[in-house]
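Shown next: query_5.txt, containing compact mmCIF, C-alpha atoms.
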# COMPACT_ATOMS: atom_id res chain seq x y z
CA MET A 204 96.92 96.05 101.35
CA ILE A 205 100.43 97.26 102.29
CA ARG A 206 100.89 100.90 101.34
CA VAL A 207 104.52 101.32 100.23
CA LEU A 208 106.51 104.54 99.78
CA LEU A 209 109.70 104.27 97.71
CA ALA A 210 112.58 106.64 98.50
CA ASP A 211 115.60 106.67 96.18
CA ASP A 212 117.31 109.48 94.29
CA GLN A 213 117.65 107.33 91.14
CA THR A 214 114.49 107.46 89.04
CA LEU A 215 115.16 104.17 87.26
CA VAL A 216 115.65 102.36 90.56
CA ARG A 217 112.41 103.77 91.95
CA GLU A 218 110.47 102.84 88.83
CA ALA A 219 111.86 99.30 88.85
CA PHE A 220 110.91 98.85 92.50
CA ALA A 221 107.48 100.36 91.82
CA MET A 222 106.78 97.85 89.06
CA LEU A 223 107.84 95.01 91.34
CA VAL A 224 105.74 96.18 94.29
CA GLU A 225 102.67 96.75 92.13
CA SER A 226 102.99 93.21 90.78
CA ALA A 227 102.23 91.85 94.26
CA PRO A 228 98.50 91.46 94.98
CA ASP A 229 98.86 92.59 98.60
CA MET A 230 100.86 95.79 97.99
CA THR A 231 100.47 99.17 96.36
CA VAL A 232 102.85 102.09 95.81
CA VAL A 233 101.44 105.26 97.35
CA GLY A 234 104.34 107.57 96.54
CA GLN A 235 107.90 108.03 95.36
CA ALA A 236 110.50 110.34 96.90
CA ALA A 237 113.82 111.49 95.46
CA THR A 238 115.16 113.00 98.70
CA GLY A 239 115.08 112.11 102.36
CA ARG A 240 113.08 115.20 103.26
CA GLU A 241 110.50 114.37 100.64
CA ALA A 242 110.30 110.83 102.00
CA ALA A 243 109.60 112.08 105.52
CA GLU A 244 106.89 114.42 104.25
CA LEU A 245 105.26 111.81 102.00
CA ALA A 246 105.25 109.22 104.76
CA ARG A 247 102.63 111.39 106.42
CA SER A 248 100.66 112.77 103.46
CA ALA A 249 100.51 109.47 101.54
CA ARG A 250 99.58 107.49 104.68
CA ALA A 251 102.29 104.93 103.99
CA ASP A 252 102.61 101.74 106.02
CA LEU A 253 106.23 101.18 105.03
CA VAL A 254 109.05 103.19 103.48
CA VAL A 255 111.69 101.47 101.37
CA MET A 256 114.51 103.92 102.12
CA ASP A 257 117.79 104.45 100.31
CA ILE A 258 120.58 105.86 102.46
CA ARG A 259 122.43 108.19 100.15
CA MET A 260 120.07 110.88 98.91
CA PRO A 261 120.34 114.66 98.44
CA ASP A 262 118.86 117.30 100.76
CA LEU A 263 118.41 114.85 103.65
CA ASP A 264 119.92 111.38 103.69
CA GLY A 265 117.99 108.23 104.49
CA ILE A 266 119.33 108.01 108.03
CA GLU A 267 118.07 111.46 108.99
CA ALA A 268 114.79 110.83 107.19
CA THR A 269 114.39 107.60 109.15
CA ARG A 270 115.10 109.46 112.39
CA LEU A 271 112.43 112.05 111.56
CA ILE A 272 109.85 109.36 110.83
CA ALA A 273 110.69 107.35 113.96
CA ALA A 274 110.52 110.45 116.17
CA ASP A 275 107.12 111.58 114.86
CA GLU A 276 104.34 110.23 117.11
CA ASP A 277 101.83 110.59 114.28
CA LEU A 278 103.95 108.19 112.21
CA ALA A 279 104.34 105.57 114.92
CA GLY A 280 102.91 102.87 112.68
CA VAL A 281 105.20 103.60 109.73
CA ARG A 282 108.03 101.11 109.31
CA VAL A 283 111.29 101.76 107.47
CA LEU A 284 113.16 99.16 105.43
CA VAL A 285 116.59 100.52 104.51
CA LEU A 286 118.47 99.66 101.32
CA THR A 287 122.26 99.60 101.33
CA THR A 288 125.11 98.71 99.02
CA TYR A 289 126.56 96.95 102.13
CA ASP A 290 130.15 96.62 100.97
CA THR A 291 130.75 100.36 101.14
CA ASP A 292 128.10 101.68 103.52
CA GLU A 293 128.76 101.42 107.26
CA ASN A 294 125.97 103.93 107.89
CA ILE A 295 123.47 101.07 108.05
CA VAL A 296 124.19 100.76 111.79
CA ASP A 297 123.23 104.38 112.33
CA ALA A 298 120.08 103.76 110.30
CA LEU A 299 119.07 100.91 112.61
CA ARG A 300 119.73 103.09 115.63
CA ALA A 301 117.67 105.85 114.04
CA GLY A 302 114.65 103.56 113.95
CA ALA A 303 114.84 101.44 110.80
CA SER A 304 113.33 97.99 111.21
CA GLY A 305 115.78 96.23 108.93
CA PHE A 306 117.86 96.43 105.80
CA LEU A 307 118.43 94.81 102.45
CA VAL A 308 121.25 94.97 99.97
CA LYS A 309 120.30 96.50 96.63
CA ASP A 310 121.15 93.39 94.64
CA THR A 311 118.64 91.27 96.55
CA ARG A 312 116.32 89.09 94.51
CA PRO A 313 112.86 90.52 93.68
CA ALA A 314 111.00 87.86 95.67
CA GLU A 315 113.18 88.56 98.71
CA LEU A 316 112.35 92.27 98.56
CA LEU A 317 108.62 91.51 98.54
CA ASP A 318 109.01 89.07 101.43
CA ALA A 319 111.02 91.67 103.33
CA ILE A 320 108.30 94.28 102.86
CA ARG A 321 105.70 91.84 104.19
CA THR A 322 107.90 90.93 107.17
CA VAL A 323 108.62 94.50 108.21
CA ALA A 324 105.06 95.69 107.56
CA ALA A 325 103.82 92.93 109.88
CA GLY A 326 105.83 94.46 112.71
CA GLU A 327 108.85 92.19 112.60
CA SER A 328 112.47 93.17 112.06
CA LEU A 329 114.50 91.99 109.12
CA LEU A 330 118.12 91.29 110.00
CA SER A 331 120.53 89.03 108.22
CA PRO A 332 122.89 87.70 110.94
CA GLY A 333 126.06 87.48 108.81
CA PRO A 334 125.97 90.93 107.20
CA THR A 335 124.68 92.46 110.44
CA ALA A 336 127.64 91.12 112.40
CA ARG A 337 130.16 92.31 109.83
CA LEU A 338 128.62 95.76 109.55
CA ILE A 339 128.55 96.21 113.31
CA GLU A 340 132.11 94.94 113.59
CA ARG A 341 133.26 97.73 111.27
CA PHE A 342 131.17 100.19 113.25
CA LEU A 343 132.67 99.16 116.59
CA ARG A 344 136.18 99.49 115.21
CA SER A 345 135.60 103.07 114.10
CA PRO A 346 136.89 105.94 116.29
CA SER A 347 133.37 107.34 116.61
CA ALA A 348 131.89 104.18 118.09
CA PRO A 349 130.37 104.79 121.54
CA ALA A 350 131.86 103.16 124.58
CA ALA A 351 130.25 99.85 125.41
CA GLY A 352 128.12 99.65 128.53
CA GLY A 353 126.46 96.45 129.71
CA PRO A 354 122.67 96.19 129.90
CA GLU A 355 122.77 95.94 133.71
CA CYS A 356 119.00 96.20 134.04
CA LEU A 357 118.48 92.77 132.44
CA SER A 358 118.18 89.48 134.29
CA GLU A 359 120.43 86.57 133.38
CA ARG A 360 117.64 84.95 131.37
CA GLU A 361 116.97 88.21 129.55
CA ARG A 362 120.64 88.45 128.65
CA GLU A 363 120.46 84.96 127.18
CA VAL A 364 117.41 85.94 125.14
CA LEU A 365 119.06 89.17 123.96
CA THR A 366 122.12 87.19 122.82
CA LEU A 367 119.94 84.92 120.72
CA VAL A 368 118.05 87.88 119.25
CA ALA A 369 121.39 89.37 118.19
CA ARG A 370 122.23 86.09 116.47
CA GLY A 371 119.13 86.39 114.31
CA LEU A 372 116.84 83.85 116.02
CA ASN A 373 113.09 84.39 115.97
CA ASN A 374 110.84 83.79 118.99
CA ALA A 375 110.15 80.15 118.13
CA GLU A 376 113.86 79.42 117.71
CA ILE A 377 114.67 81.21 120.98
CA ALA A 378 112.03 79.15 122.74
CA GLU A 379 113.48 75.92 121.39
CA ALA A 380 117.05 76.89 122.28
CA LEU A 381 116.18 77.78 125.88
CA GLY A 382 113.45 75.22 126.52
CA LEU A 383 110.71 77.85 126.79
CA SER A 384 107.28 78.20 125.29
CA PRO A 385 107.04 80.56 122.27
CA LEU A 386 104.77 82.85 124.31
CA THR A 387 107.33 83.05 127.12
CA ALA A 388 110.09 83.84 124.62
CA LYS A 389 107.94 86.57 123.08
CA THR A 390 107.24 87.99 126.54
CA HIS A 391 110.96 88.08 127.33
CA VAL A 392 111.72 89.93 124.09
CA SER A 393 108.96 92.47 124.72
CA ARG A 394 110.16 93.03 128.28
CA ILE A 395 113.75 93.51 127.11
CA MET A 396 112.66 96.11 124.55
CA GLY A 397 110.76 97.92 127.27
CA LYS A 398 113.70 97.93 129.69
CA LEU A 399 116.18 99.09 127.05
CA GLY A 400 113.82 101.56 125.36
CA ALA A 401 114.30 99.79 122.03
CA ARG A 402 111.86 100.38 119.18
CA ASP A 403 112.18 96.84 117.84
CA ARG A 404 114.48 93.83 117.49
CA ALA A 405 116.80 95.71 115.16
CA GLN A 406 117.76 98.09 117.94
CA LEU A 407 118.19 95.18 120.34
CA VAL A 408 120.92 93.86 118.04
CA ILE A 409 122.74 97.18 118.25
CA VAL A 410 122.51 97.16 122.06
CA ALA A 411 123.84 93.60 122.21
CA TYR A 412 126.91 94.51 120.17
CA GLU A 413 127.58 97.89 121.74
CA SER A 414 127.38 96.41 125.24
CA GLY A 415 129.77 93.59 124.37
CA LEU A 416 127.15 90.95 125.11
CA VAL A 417 127.79 89.58 121.62
CA ALA A 418 131.25 89.89 120.13
CA PRO A 419 131.67 90.77 116.44
CA GLY A 420 132.86 87.84 114.39
CA THR A 421 131.30 85.16 116.62
CA LEU A 422 128.27 84.44 114.38
Would you put the structure from the file into structure tokens?
Amino acid sequence: MIRVLLADDQTLVREAFAMLVESAPDMTVVGQAATGREAAELARSARADLVVMDIRMPDLDGIEATRLIAADEDLAGVRVLVLTTYDTDENIVDALRAGASGFLVKDTRPAELLDAIRTVAAGESLLSPGPTARLIERFLRSPSAPAAGGPECLSEREREVLTLVARGLNNAEIAEALGLSPLTAKTHVSRIMGKLGARDRAQLVIVAYESGLVAPGTL
């Protein structure tokens, strides 16, 4: 049973998501939070497996709440799935860097939200290549974007794998593209995360774009 915490400052939105989550036989809602600070506190007390996190909330926004959860060793198993309005919210990139394992737009279909919860709870990252590329492109064009630095510690093969991760390919697809076994592809991804200090595949995407390994607008 996936224990889900819902964090959104709009009561009607939370209640709608709660009804949807409770309709799934493999999920249960263990708490609802109206602020980011409350979400970070409930993640611990409610023993949540996954937090569906809005970005714009009072007291503490979803990005800072995600950062608190990701930095807490006692919450190492808690995953964060961020919700965004996408068209107006460039902060999603900061959320991924803070430790979120993926994002969804708020107008996603109900079945897609449930599938996303299952994906992220299983330890995978949820990234939609098109929106991810466009969001990061806006981020890299902003004055506050950090200077790009190449991942020099990676081998040539690891750079190839990182490029494919940034394009949204899973391990099986990476293996097929490079003529590797799925296990070898998985090993490469794990090794890359270790070298770059990345929490998951979501952060690998950020590294790939910030380093210039993948150029915005090429997907």
Problem - Coordinates-based distance that separates atom CA of A:Val283 from atom CA of A:Leu253 (Å, one decimal) - result: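 Interatomic distance here is 5.6 Å.
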Practice task
Give me the residues within 8 Å of stretch 400-406 of chain A as JSON, numbers by chain, counting all atoms listed in the file and dropping any in the same chain fewer than 2 places off.
Solution key: {"A": [299, 300, 302, 303, 304, 305, 327, 328, 329, 330, 368, 396, 397, 398, 408, 409, 410]}
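Atom to atom, atom CA of A:Leu223 and atom CA of A:Pro313 stand 7.1 Å apart.
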Practice task
Just give me the gap between atom CA of A:Ala237 and atom CA of A:Val308 in Å, one decimal is fine.
Solution key: 18.7 Å
Problem - Nearest to A:Arg240 by atom-to-atom distance, counting all atoms listed in the file, from A:Ala268, A:Ala411, A:Val364, A:Met222 - result: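 Smallest distance to A:Arg240 is found for A:Ala268.
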Problem - Residue nearest A:Ile395 among A:Leu365, A:Val417, A:Leu271, A:Val323 (counting all atoms listed in the file) - result: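 Selected residue with least distance to A:Ile395: A:Leu365.
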Exercise for the section: Pick out the closest residue to A:Asp212 from this set: A:Arg282, A:Arg259, A:Arg360, A:Arg312. Count all atoms listed in the file. Expected result: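 Comparing A:Arg282, A:Arg259, A:Arg360, A:Arg312 against A:Asp212, the winner is A:Arg259.
Closest approach to A:Leu357 among A:Leu386, A:Leu416, A:Leu317, A:Ala380 is made by A:Leu416 (distances from all atoms listed in the file).
In terms of minimum interatomic distance to A:Glu244, A:Thr269 ranks closest within A:Thr231, A:Thr287, A:Thr387, A:Thr269, counting only C-alpha atoms.
If you measure from each of A:Glu413, A:Glu361, A:Asp252, A:Glu379 to A:Gly280 using only C-alpha atoms, the closest one turns out to be A:Asp252.
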Handout entry: Residues near A:Met204, cut-off 12 Å, only C-alpha atoms, skip fewer than 3 positions along chain, as an MDAnalysis selection string
Key = chainID A and resid 207 224:225 227:233 251:253 320:321 324:325
Could you pull the residues within 10 Å of A:Thr288, counting only C-alpha atoms, minus those fewer than 4 positions along the same chain, as a PDB file with C-alpha atoms, keeping the file's coordinate frame?
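Dumped to part15.pdb:
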ATOM      1  CA  ASP A 257     117.790 104.450 100.310  1.00  0.00           C
ATOM      2  CA  ILE A 258     120.580 105.860 102.460  1.00  0.00           C
ATOM      3  CA  ARG A 259     122.430 108.190 100.150  1.00  0.00           C
ATOM      4  CA  ASP A 292     128.100 101.680 103.520  1.00  0.00           C
ATOM      5  CA  GLU A 293     128.760 101.420 107.260  1.00  0.00           C
ATOM      6  CA  ILE A 295     123.470 101.070 108.050  1.00  0.00           C
ATOM      7  CA  LEU A 307     118.430  94.810 102.450  1.00  0.00           C
ATOM      8  CA  VAL A 308     121.250  94.970  99.970  1.00  0.00           C
ATOM      9  CA  LYS A 309     120.300  96.500  96.630  1.00  0.00           C
ATOM     10  CA  ASP A 310     121.150  93.390  94.640  1.00  0.00           C
TER      11      ASP A 310
END
Exercise for the section: Fewer than 3 positions away in the same chain doesn't count, so skip those; otherwise give me all residues within 10 Å of A:Ala243, counting only C-alpha atoms, as a PyMOL selection string. Expected result: chain A and resi 208+210+236+238-240+246-248+254+263+265+267-273+275+278
